[in-house]
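Chemist: A single structure is presented below for examination.
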Amino acid sequence: MEQWRRGRHLSTVVAVALVAAMLPSGEARLSPGYYRATCPDVEAIVRAVVARKVKETFVTVPATLRLFFHDCFVEGCDASVMIASGGNDAEKDAPDNLSLAGDGFDTVVRAKAEVEKQCPGVVSCADILAIAARDVVSLSSGPHWTVELGRLDGLVSNAGDVAGRLPGPDMHVKDLAAMFAKNNLTTLDMVALSGAHTVGFAHCTRFAGRLYRHGGGAAAAAGPAYDPAYARQLMAACPPDVDPNIAVNMDPVTPTAFDNAYYANLAGGMGLFTSDQALYDHVATQPAVRGFAKNQTRFFEAFKDAMVKLGRVGVKSGRHGEIRRDCTRFNR
């Protein structure tokens, strides 16, 4: 019996070694229970901080969710977007990231500070951001899911690495799908993750070109057009000479609830960006949009699955990462 036990143990060790060998260099094996022994209360600590921050300002919800997405699509989910550079040359300084709201960064910094009090040097900023992204959704009437943990914080953060890696407001389905595919995300994942815009906001300058080029009526000749009434509403909020700091809700119906209204809005010509409205107008994505508009549970399930997959993108382990003491600075 003892010999059989030893043989079985050896087989297990060999199997684990083979799995590890098949993983790309630097890629972590994530697990929901990663901190069970070293920081068992980490999720409760983070959630308490996130809940307080959301009470201070609802902007925390879209800001944190967008921060997670922007982090994962550039260099992977490694909190590289959190780095503050004295030379303004880190990821957060790239033009595509300048509109990231400070409340998202503040949420992670606050949560990290509280976690460090209980578990110093144990939990990565990347994992804290992943937990916080889940919590802002569930705290705004959205779904709750199990977050896989075990990421390390990245060792690189360059502004020059951002261009071409993030979806733009004027992109169409073909290019969007190709970008998501590079991150092992399907077209369905893309449509589901776009639903985060149900609690988002956007600066007028991000869609002014489309608004005044395709603002309804005879002007709407090339590309997805706005519903005329919605176009007038946007023009009132975003006149041609608008302050570049002015922003509007991406979901004009239920802007502070994480729900499926975003998809119904698309069917009504109320997609704020070209990249939003294109999801309804393209044959490859319209069925999913219609399905999510009719069935919120279906949307929630797809969103949860897509967020878990997003959280696996480019995660770091071993010598490819670290546990930062300060989320905004590398340890070295």
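Here, A, B, ... name the chains of the structure tokens in the order displayed, residue numbers run from 1 inside each chain, and ligands are numbered from 1 in the same displayed order.
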Quick one: residues within 10 Å of segment 105-107 of chain A, only C-alpha atoms, excluding same-chain residues fewer than 4 positions away - as an MDAnalysis selection string?
Modeler: chainID A and resid 46 49:54 60:61 63:64 67:68 81:83 100:101 111:112 128:129 132:133 327:328
Chemist: Each residue of segment 294-323 of chain A lying at most 12 Å from segment 251-258 of chain A should get a row with its shortest atom-to-atom pair and the distance in Å to one decimal, counting only C-alpha atoms; could you produce that, ordered by chain and increasing number, as JSON lines?
Modeler:
```
{"residue": "A:Gln296", "atom": "CA", "partner": "A:Phe258", "partner_atom": "CA", "distance": 10.1}
{"residue": "A:Thr297", "atom": "CA", "partner": "A:Phe258", "partner_atom": "CA", "distance": 12.0}
{"residue": "A:Phe299", "atom": "CA", "partner": "A:Phe258", "partner_atom": "CA", "distance": 10.8}
{"residue": "A:Phe300", "atom": "CA", "partner": "A:Phe258", "partner_atom": "CA", "distance": 9.5}
{"residue": "A:Phe303", "atom": "CA", "partner": "A:Phe258", "partner_atom": "CA", "distance": 11.1}
```
Chemist: Name the residues in contact with segment 182-185 of chain A at a cut-off of 9 Å, using only C-alpha atoms, excluding same-chain residues fewer than 2 positions from it; report them as a PyMOL selection string.
Modeler: chain A and resi 72-73+76+177-180+187-190+306+309-310+313-314
Chemist: Write the selection just made, keeping N, CA, C and O atoms, as a PDB file, in the first residue's frame?
Modeler:
```pdb
ATOM      1  N   CYS A  72      -5.198  44.950 -18.813  1.00  0.00           N
ATOM      2  CA  CYS A  72      -5.053  43.607 -19.368  1.00  0.00           C
ATOM      3  C   CYS A  72      -4.723  43.609 -20.857  1.00  0.00           C
ATOM      4  O   CYS A  72      -4.007  42.726 -21.335  1.00  0.00           O
ATOM      5  N   PHE A  73      -5.219  44.568 -21.596  1.00  0.00           N
ATOM      6  CA  PHE A  73      -4.993  44.581 -23.043  1.00  0.00           C
ATOM      7  C   PHE A  73      -3.602  45.082 -23.422  1.00  0.00           C
ATOM      8  O   PHE A  73      -3.195  44.963 -24.578  1.00  0.00           O
ATOM      9  N   GLY A  76      -0.736  42.588 -20.557  1.00  0.00           N
ATOM     10  CA  GLY A  76      -1.414  41.611 -19.718  1.00  0.00           C
ATOM     11  C   GLY A  76      -1.893  42.197 -18.405  1.00  0.00           C
ATOM     12  O   GLY A  76      -1.635  43.355 -18.072  1.00  0.00           O
ATOM     13  N   ALA A 177     -12.853  42.546 -33.492  1.00  0.00           N
ATOM     14  CA  ALA A 177     -12.776  41.097 -33.277  1.00  0.00           C
ATOM     15  C   ALA A 177     -11.336  40.604 -33.375  1.00  0.00           C
ATOM     16  O   ALA A 177     -10.910  39.734 -32.604  1.00  0.00           O
ATOM     17  N   ALA A 178     -10.580  41.149 -34.316  1.00  0.00           N
ATOM     18  CA  ALA A 178      -9.174  40.749 -34.467  1.00  0.00           C
ATOM     19  C   ALA A 178      -8.366  41.144 -33.235  1.00  0.00           C
ATOM     20  O   ALA A 178      -7.500  40.385 -32.780  1.00  0.00           O
ATOM     21  N   MET A 179      -8.646  42.304 -32.699  1.00  0.00           N
ATOM     22  CA  MET A 179      -7.924  42.765 -31.509  1.00  0.00           C
ATOM     23  C   MET A 179      -8.243  41.889 -30.300  1.00  0.00           C
ATOM     24  O   MET A 179      -7.356  41.511 -29.525  1.00  0.00           O
ATOM     25  N   PHE A 180      -9.506  41.541 -30.133  1.00  0.00           N
ATOM     26  CA  PHE A 180      -9.897  40.693 -29.012  1.00  0.00           C
ATOM     27  C   PHE A 180      -9.325  39.286 -29.184  1.00  0.00           C
ATOM     28  O   PHE A 180      -8.918  38.654 -28.206  1.00  0.00           O
ATOM     29  N   THR A 187     -15.550  36.585 -30.321  1.00  0.00           N
ATOM     30  CA  THR A 187     -16.465  37.664 -30.702  1.00  0.00           C
ATOM     31  C   THR A 187     -17.589  37.792 -29.685  1.00  0.00           C
ATOM     32  O   THR A 187     -18.019  38.912 -29.353  1.00  0.00           O
ATOM     33  N   LEU A 188     -18.067  36.678 -29.153  1.00  0.00           N
ATOM     34  CA  LEU A 188     -19.090  36.737 -28.112  1.00  0.00           C
ATOM     35  C   LEU A 188     -18.550  37.410 -26.856  1.00  0.00           C
ATOM     36  O   LEU A 188     -19.245  38.224 -26.218  1.00  0.00           O
ATOM     37  N   ASP A 189     -17.316  37.091 -26.475  1.00  0.00           N
ATOM     38  CA  ASP A 189     -16.684  37.765 -25.338  1.00  0.00           C
ATOM     39  C   ASP A 189     -16.639  39.269 -25.584  1.00  0.00           C
ATOM     40  O   ASP A 189     -16.895  40.072 -24.674  1.00  0.00           O
ATOM     41  N   MET A 190     -16.298  39.657 -26.790  1.00  0.00           N
ATOM     42  CA  MET A 190     -16.207  41.071 -27.154  1.00  0.00           C
ATOM     43  C   MET A 190     -17.542  41.778 -26.958  1.00  0.00           C
ATOM     44  O   MET A 190     -17.605  42.867 -26.370  1.00  0.00           O
ATOM     45  N   ALA A 306     -16.523  36.068 -19.747  1.00  0.00           N
ATOM     46  CA  ALA A 306     -15.558  36.890 -20.476  1.00  0.00           C
ATOM     47  C   ALA A 306     -14.588  37.592 -19.520  1.00  0.00           C
ATOM     48  O   ALA A 306     -13.398  37.729 -19.829  1.00  0.00           O
ATOM     49  N   LYS A 309     -11.936  35.120 -18.443  1.00  0.00           N
ATOM     50  CA  LYS A 309     -10.982  34.926 -19.534  1.00  0.00           C
ATOM     51  C   LYS A 309     -10.085  36.150 -19.699  1.00  0.00           C
ATOM     52  O   LYS A 309      -8.871  36.021 -19.920  1.00  0.00           O
ATOM     53  N   LEU A 310     -10.662  37.335 -19.572  1.00  0.00           N
ATOM     54  CA  LEU A 310      -9.867  38.566 -19.658  1.00  0.00           C
ATOM     55  C   LEU A 310      -8.806  38.592 -18.569  1.00  0.00           C
ATOM     56  O   LEU A 310      -7.655  38.983 -18.813  1.00  0.00           O
ATOM     57  N   VAL A 313      -5.270  37.049 -19.244  1.00  0.00           N
ATOM     58  CA  VAL A 313      -4.423  37.565 -20.315  1.00  0.00           C
ATOM     59  C   VAL A 313      -3.070  38.029 -19.776  1.00  0.00           C
ATOM     60  O   VAL A 313      -2.993  38.895 -18.904  1.00  0.00           O
ATOM     61  N   GLY A 314      -2.021  37.432 -20.290  1.00  0.00           N
ATOM     62  CA  GLY A 314      -0.660  37.911 -20.029  1.00  0.00           C
ATOM     63  C   GLY A 314      -0.241  38.001 -18.582  1.00  0.00           C
ATOM     64  O   GLY A 314       0.587  38.850 -18.237  1.00  0.00           O
TER      65      GLY A 314
END
```
Chemist: Please identify all polymer residues within 12 Å of Trp145 of chain A, counting only C-alpha atoms, omitting same-chain residues fewer than 6 positions from it, and present them as number ranges by chain.
Modeler: A: 32, 130-138, 300-309, 311
Chemist: Filtering to all heavy atoms, could you give me those residues as a compact mmCIF listing (two decimals), in the first residue's frame?
Modeler:
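Saved to selection.txt:
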```
# COMPACT_ATOMS: atom_id res chain seq x y z
N PRO A 32 -8.66 30.44 -7.57
CA PRO A 32 -9.49 31.26 -6.67
C PRO A 32 -8.98 31.23 -5.23
O PRO A 32 -9.15 32.19 -4.48
CB PRO A 32 -10.88 30.61 -6.79
CG PRO A 32 -10.87 29.94 -8.12
CD PRO A 32 -9.47 29.44 -8.29
N ALA A 130 -8.09 43.09 -10.10
CA ALA A 130 -9.03 42.09 -10.61
C ALA A 130 -10.21 41.91 -9.66
O ALA A 130 -11.37 41.80 -10.09
CB ALA A 130 -8.32 40.76 -10.83
N ILE A 131 -9.93 41.89 -8.36
CA ILE A 131 -11.01 41.76 -7.37
C ILE A 131 -11.88 43.00 -7.39
O ILE A 131 -13.12 42.92 -7.37
CB ILE A 131 -10.41 41.55 -5.96
CG1 ILE A 131 -9.64 40.23 -5.89
CG2 ILE A 131 -11.52 41.57 -4.91
CD1 ILE A 131 -8.80 40.08 -4.62
N ALA A 132 -11.25 44.17 -7.43
CA ALA A 132 -12.00 45.42 -7.41
C ALA A 132 -12.90 45.57 -8.63
O ALA A 132 -14.03 46.08 -8.53
CB ALA A 132 -11.03 46.61 -7.33
N ALA A 133 -12.42 45.10 -9.79
CA ALA A 133 -13.23 45.16 -11.01
C ALA A 133 -14.49 44.32 -10.85
O ALA A 133 -15.58 44.71 -11.30
CB ALA A 133 -12.42 44.70 -12.21
N ARG A 134 -14.36 43.15 -10.24
CA ARG A 134 -15.54 42.32 -9.97
C ARG A 134 -16.49 43.01 -9.00
O ARG A 134 -17.71 43.04 -9.18
CB ARG A 134 -15.06 40.97 -9.42
CG ARG A 134 -16.16 39.91 -9.18
CD ARG A 134 -16.76 39.96 -7.78
NE ARG A 134 -15.82 40.03 -6.70
CZ ARG A 134 -15.17 38.98 -6.16
NH1 ARG A 134 -15.39 37.77 -6.62
NH2 ARG A 134 -14.34 39.17 -5.15
N ASP A 135 -15.91 43.61 -7.96
CA ASP A 135 -16.74 44.18 -6.91
C ASP A 135 -17.52 45.42 -7.35
O ASP A 135 -18.66 45.62 -6.93
CB ASP A 135 -15.88 44.51 -5.68
CG ASP A 135 -15.40 43.25 -4.96
OD1 ASP A 135 -15.97 42.17 -5.22
OD2 ASP A 135 -14.47 43.36 -4.14
N VAL A 136 -16.93 46.26 -8.20
CA VAL A 136 -17.68 47.43 -8.65
C VAL A 136 -18.89 47.02 -9.48
O VAL A 136 -19.93 47.69 -9.46
CB VAL A 136 -16.80 48.44 -9.44
CG1 VAL A 136 -15.75 49.06 -8.54
CG2 VAL A 136 -16.18 47.81 -10.68
N VAL A 137 -18.76 45.90 -10.20
CA VAL A 137 -19.90 45.41 -10.99
C VAL A 137 -21.00 44.90 -10.08
O VAL A 137 -22.17 45.27 -10.22
CB VAL A 137 -19.44 44.29 -11.95
CG1 VAL A 137 -20.64 43.63 -12.62
CG2 VAL A 137 -18.50 44.86 -13.02
N SER A 138 -20.64 44.05 -9.12
CA SER A 138 -21.67 43.47 -8.25
C SER A 138 -22.30 44.53 -7.35
O SER A 138 -23.49 44.42 -7.00
CB SER A 138 -21.09 42.34 -7.41
OG SER A 138 -20.04 42.79 -6.58
N PHE A 300 -25.43 38.47 -18.28
CA PHE A 300 -24.63 38.36 -17.07
C PHE A 300 -23.72 37.13 -17.12
O PHE A 300 -22.54 37.19 -16.74
CB PHE A 300 -25.52 38.29 -15.84
CG PHE A 300 -26.05 39.64 -15.38
CD1 PHE A 300 -25.77 40.81 -16.09
CD2 PHE A 300 -26.82 39.74 -14.24
CE1 PHE A 300 -26.24 42.04 -15.67
CE2 PHE A 300 -27.30 40.97 -13.80
CZ PHE A 300 -27.00 42.12 -14.51
N GLU A 301 -24.25 36.00 -17.57
CA GLU A 301 -23.45 34.78 -17.63
C GLU A 301 -22.30 34.94 -18.63
O GLU A 301 -21.16 34.53 -18.36
CB GLU A 301 -24.32 33.59 -17.99
CG GLU A 301 -25.29 33.18 -16.90
CD GLU A 301 -24.60 32.83 -15.60
OE1 GLU A 301 -23.61 32.07 -15.65
OE2 GLU A 301 -25.03 33.33 -14.54
N ALA A 302 -22.59 35.53 -19.77
CA ALA A 302 -21.55 35.75 -20.79
C ALA A 302 -20.51 36.75 -20.29
O ALA A 302 -19.31 36.59 -20.55
CB ALA A 302 -22.17 36.23 -22.09
N PHE A 303 -20.96 37.76 -19.58
CA PHE A 303 -20.04 38.78 -19.06
C PHE A 303 -19.11 38.16 -18.02
O PHE A 303 -17.89 38.41 -18.03
CB PHE A 303 -20.81 39.95 -18.45
CG PHE A 303 -19.93 41.09 -18.00
CD1 PHE A 303 -19.48 42.03 -18.91
CD2 PHE A 303 -19.54 41.21 -16.67
CE1 PHE A 303 -18.64 43.07 -18.50
CE2 PHE A 303 -18.72 42.24 -16.26
CZ PHE A 303 -18.27 43.18 -17.18
N LYS A 304 -19.65 37.36 -17.13
CA LYS A 304 -18.82 36.71 -16.11
C LYS A 304 -17.75 35.83 -16.76
O LYS A 304 -16.58 35.88 -16.38
CB LYS A 304 -19.70 35.86 -15.18
CG LYS A 304 -20.61 36.66 -14.28
CD LYS A 304 -21.25 35.80 -13.20
CE LYS A 304 -22.15 34.74 -13.74
NZ LYS A 304 -22.80 33.96 -12.64
N ASP A 305 -18.17 35.03 -17.73
CA ASP A 305 -17.22 34.15 -18.42
C ASP A 305 -16.12 34.97 -19.11
O ASP A 305 -14.93 34.60 -19.06
CB ASP A 305 -17.94 33.30 -19.46
CG ASP A 305 -18.83 32.23 -18.83
OD1 ASP A 305 -18.67 31.96 -17.62
OD2 ASP A 305 -19.69 31.68 -19.54
N ALA A 306 -16.52 36.07 -19.75
CA ALA A 306 -15.56 36.89 -20.48
C ALA A 306 -14.59 37.59 -19.52
O ALA A 306 -13.40 37.73 -19.83
CB ALA A 306 -16.29 37.92 -21.34
N MET A 307 -15.07 38.01 -18.35
CA MET A 307 -14.19 38.67 -17.39
C MET A 307 -13.16 37.69 -16.82
O MET A 307 -12.01 38.07 -16.58
CB MET A 307 -15.01 39.29 -16.26
CG MET A 307 -15.73 40.57 -16.66
SD MET A 307 -14.60 41.94 -17.06
CE MET A 307 -14.04 42.40 -15.41
N VAL A 308 -13.56 36.46 -16.60
CA VAL A 308 -12.59 35.46 -16.13
C VAL A 308 -11.52 35.23 -17.19
O VAL A 308 -10.32 35.19 -16.90
CB VAL A 308 -13.31 34.14 -15.78
CG1 VAL A 308 -12.27 33.04 -15.50
CG2 VAL A 308 -14.21 34.33 -14.57
N LYS A 309 -11.94 35.12 -18.44
CA LYS A 309 -10.98 34.93 -19.53
C LYS A 309 -10.08 36.15 -19.70
O LYS A 309 -8.87 36.02 -19.92
CB LYS A 309 -11.72 34.65 -20.83
CG LYS A 309 -12.39 33.28 -20.88
CD LYS A 309 -13.24 33.10 -22.12
CE LYS A 309 -12.41 33.07 -23.39
NZ LYS A 309 -13.26 32.79 -24.59
N GLY A 311 -9.18 38.14 -17.38
CA GLY A 311 -8.25 38.15 -16.26
C GLY A 311 -7.07 37.21 -16.41
O GLY A 311 -6.11 37.27 -15.63
```
Chemist: For a quick check of understanding, using only C-alpha atoms, which of A:Pro95, A:Gly321, A:Gly268, A:Gly86 has the smallest distance to Gly164 of chain A?
Modeler: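 Smallest distance to Gly164 of chain A is found for A:Pro95.
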Chemist: Name the residues of segment 148-299 of chain A that come out as strand (DSSP E) in a backbone DSSP run; write them as a ChimeraX atom specification.
Modeler: /A:201-203,247-249
Chemist: Go ahead and save the residues from that selection, with N, CA, C and O atoms, as a short mmCIF file (atom, residue, chain, number, x, y, z; two decimals), in the first residue's frame.
Modeler:
```
data_model
loop_
_atom_site.label_atom_id
_atom_site.label_comp_id
_atom_site.auth_asym_id
_atom_site.auth_seq_id
_atom_site.Cartn_x
_atom_site.Cartn_y
_atom_site.Cartn_z
N PHE A 201 -18.93 56.26 -19.07
CA PHE A 201 -19.10 57.63 -19.53
C PHE A 201 -17.98 57.94 -20.51
O PHE A 201 -16.95 57.25 -20.53
N ALA A 202 -18.19 58.93 -21.34
CA ALA A 202 -17.19 59.27 -22.34
C ALA A 202 -17.12 60.77 -22.53
O ALA A 202 -18.15 61.46 -22.50
N HIS A 203 -15.91 61.27 -22.72
CA HIS A 203 -15.75 62.70 -22.99
C HIS A 203 -16.26 63.01 -24.40
O HIS A 203 -16.13 62.20 -25.32
N ALA A 247 -18.13 65.22 -20.06
CA ALA A 247 -18.42 63.83 -20.43
C ALA A 247 -19.90 63.54 -20.30
O ALA A 247 -20.63 64.24 -19.60
N VAL A 248 -20.37 62.51 -21.00
CA VAL A 248 -21.76 62.10 -20.94
C VAL A 248 -21.83 60.60 -20.64
O VAL A 248 -20.87 59.86 -20.87
N ASN A 249 -22.98 60.17 -20.14
CA ASN A 249 -23.19 58.75 -19.87
C ASN A 249 -23.28 57.97 -21.18
O ASN A 249 -23.90 58.43 -22.14
#
```
Chemist: For atom CA of Arg29 of chain A and atom CA of Glu148 of chain A, quote the distance in Å rounded to one decimal.
Modeler: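 Between atom CA of Arg29 of chain A and atom CA of Glu148 of chain A the gap works out to 9.2 Å.
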